[in-house]
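J.: Starting off with a structure, shown below.
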Amino acid sequence: MVKPRSAACNPLANPGQTRELAPMTYFVTTSDGTGIAYDCTGDGPPVVLIHGFGANRKITWGNTGWYQTIARAGRKLIAIDCRGHGESDKPHAPADYAEGRMATDIIAVLAALEIPETDLVGYSMGGQLALRLMFDAPGRVRRAVLGGIGENYFRMSKESVETIAKGLAAKDGSTVTDPLAREFRL
């Protein structure tokens, strides 16, 4: 379910309107009931932006000028808040954050907007999700730009992920001694 929903992204815009409107937040409900927030603005070939871990669509893409850059390029912008981030729902079960599950959230947004194929830009965790989407649904991805992702993506173990999670859950960052877990603490 999308609220509000429009394939053109802005159902209230006048076709003759010349000023640029701020993006409006839309929501889609995924098959597991999780609400995913996204911005959608502009016309033209679509570009989906997927942010990194601990960020959101506005921090990674909106505040850094990417919305305007993509609009000036004549593209439709779709910037997603991944589950657990920004305005999207934040389920509590670890299984709700499986990479494949999160990749299907992107497909849910594309389906709601009736977009069969898109270009993707993913940073860090967003790059990982873009890779997963290219693997799980290759017909949905025309081109992809990946940033902040390297060979560790192919070497990350379940133990490493659990170490990072424990470091993030620690009430006092000074008690985190594992170097990997400390990287995720500010």
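Chain labels run A, B, ... following the order of the structure tokens; each chain numbers its residues from 1, and ligands are numbered from 1 in the order shown.
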Mind checking DSSP for segment 83-170 of chain A and telling me the strand (DSSP E or B) residues as a ChimeraX atom specification?

T.: /A:118-123,141-147

J.: Quick one: residues within 8 Å of segment 57-68 of chain A, only C-alpha atoms counted, chain neighbours fewer than 6 positions away excluded, as a PyMOL selection string?

T.: chain A and resi 38+49-51+77+79-81+86

J.: Under the rule that only C-alpha atoms are counted, which of A:Gly44, A:Tyr123, A:Arg132, A:Pro116 is the nearest residue to Arg101 of chain A?

T.: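 For Arg101 of chain A, the nearest of the candidates is A:Arg132.
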
J.: Which residue, A:Ala98, A:Asp119, A:Gly42, A:Thr30, has the smallest gap to Lys158 of chain A when you use only C-alpha atoms?

T.: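 Smallest separation from Lys158 of chain A among the options: A:Ala98.
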
J.: Based on DSSP run over this structure's backbone, return all residues of chain A in helix (DSSP H, G or I), as a ChimeraX atom specification.

T.: /A:57-62,66-72,94-97,99-112,125-136,138-140,151-154,158-169,173-175,179-183

J.: Nearest to Asp96 of chain A among A:Gly33, A:Gly139, A:Gly74, A:Gly127, with distances taken over only C-alpha atoms: which residue is it?

T.: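 Closest to Asp96 of chain A, using only C-alpha atoms: A:Gly33.
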
J.: If you count only C-alpha atoms, which residues fall within 9 Å of segment 143-145 of chain A, apart from same-chain ones fewer than 3 positions away, as a ChimeraX atom specification?

T.: /A:118-123,127,130-131,134

J.: Please write the residues from the selection above to a file, keeping N, CA and C atoms, as a short mmCIF file (atom, residue, chain, number, x, y, z; two decimals), in the first residue's frame.

T.:
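To be explicit, this is the file written out as part21.cif:
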data_model
loop_
_atom_site.label_atom_id
_atom_site.label_comp_id
_atom_site.auth_asym_id
_atom_site.auth_seq_id
_atom_site.Cartn_x
_atom_site.Cartn_y
_atom_site.Cartn_z
N THR A 118 15.35 0.05 -13.31
CA THR A 118 15.88 1.33 -12.83
C THR A 118 17.40 1.31 -12.78
N ASP A 119 17.97 2.49 -12.68
CA ASP A 119 19.37 2.64 -12.32
C ASP A 119 19.41 2.76 -10.80
N LEU A 120 20.48 2.26 -10.19
CA LEU A 120 20.64 2.28 -8.74
C LEU A 120 21.92 2.99 -8.37
N VAL A 121 21.89 3.72 -7.27
CA VAL A 121 23.09 4.26 -6.66
C VAL A 121 23.03 3.85 -5.20
N GLY A 122 24.01 3.09 -4.75
CA GLY A 122 24.04 2.63 -3.37
C GLY A 122 25.36 2.96 -2.71
N TYR A 123 25.26 3.43 -1.47
CA TYR A 123 26.46 3.75 -0.71
C TYR A 123 26.55 2.84 0.52
N GLY A 127 25.09 0.01 -1.11
CA GLY A 127 25.82 -0.69 -2.17
C GLY A 127 25.66 -2.19 -2.05
N ALA A 130 22.25 -3.01 -3.25
CA ALA A 130 22.21 -2.94 -4.72
C ALA A 130 22.80 -4.21 -5.32
N LEU A 131 23.91 -4.68 -4.77
CA LEU A 131 24.49 -5.95 -5.25
C LEU A 131 23.50 -7.09 -5.09
N MET A 134 20.76 -6.84 -7.65
CA MET A 134 21.22 -7.25 -8.97
C MET A 134 21.28 -8.77 -9.08
#

J.: Could you jot down the atom CA of Ile78 of chain A to atom CA of Val47 of chain A separation for me, Å, one decimal place?

T.: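 Between these atoms lies a distance of 6.1 Å.
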
J.: May I ask which of the residues A:Ala37, A:Ala71, A:Gln128, A:Arg185 is the closest one to Gly173 of chain A, counting only C-alpha atoms?

T.: A:Arg185

J.: Skip Asp178 of chain A itself and residues of its chain fewer than 4 positions away, then list as a list in words all residues within 9 Å of it, counting only C-alpha atoms.

T.: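 Within the cut-off, the hits are Thr163, Ile164, Gly167, Arg182 and Glu183 of chain A.
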
J.: With only C-alpha atoms as the basis for distance, which of A:Arg83, A:Lys171, A:Arg155, A:Arg142 is at the shortest distance from Leu129 of chain A?

T.: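 Among the listed residues, A:Arg83 lies closest to Leu129 of chain A.
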
J.: What is the atom CA of Pro45 of chain A to atom CA of Ser31 of chain A distance in Å?

T.: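 Between atom CA of Pro45 of chain A and atom CA of Ser31 of chain A the gap is 26.2 Å.
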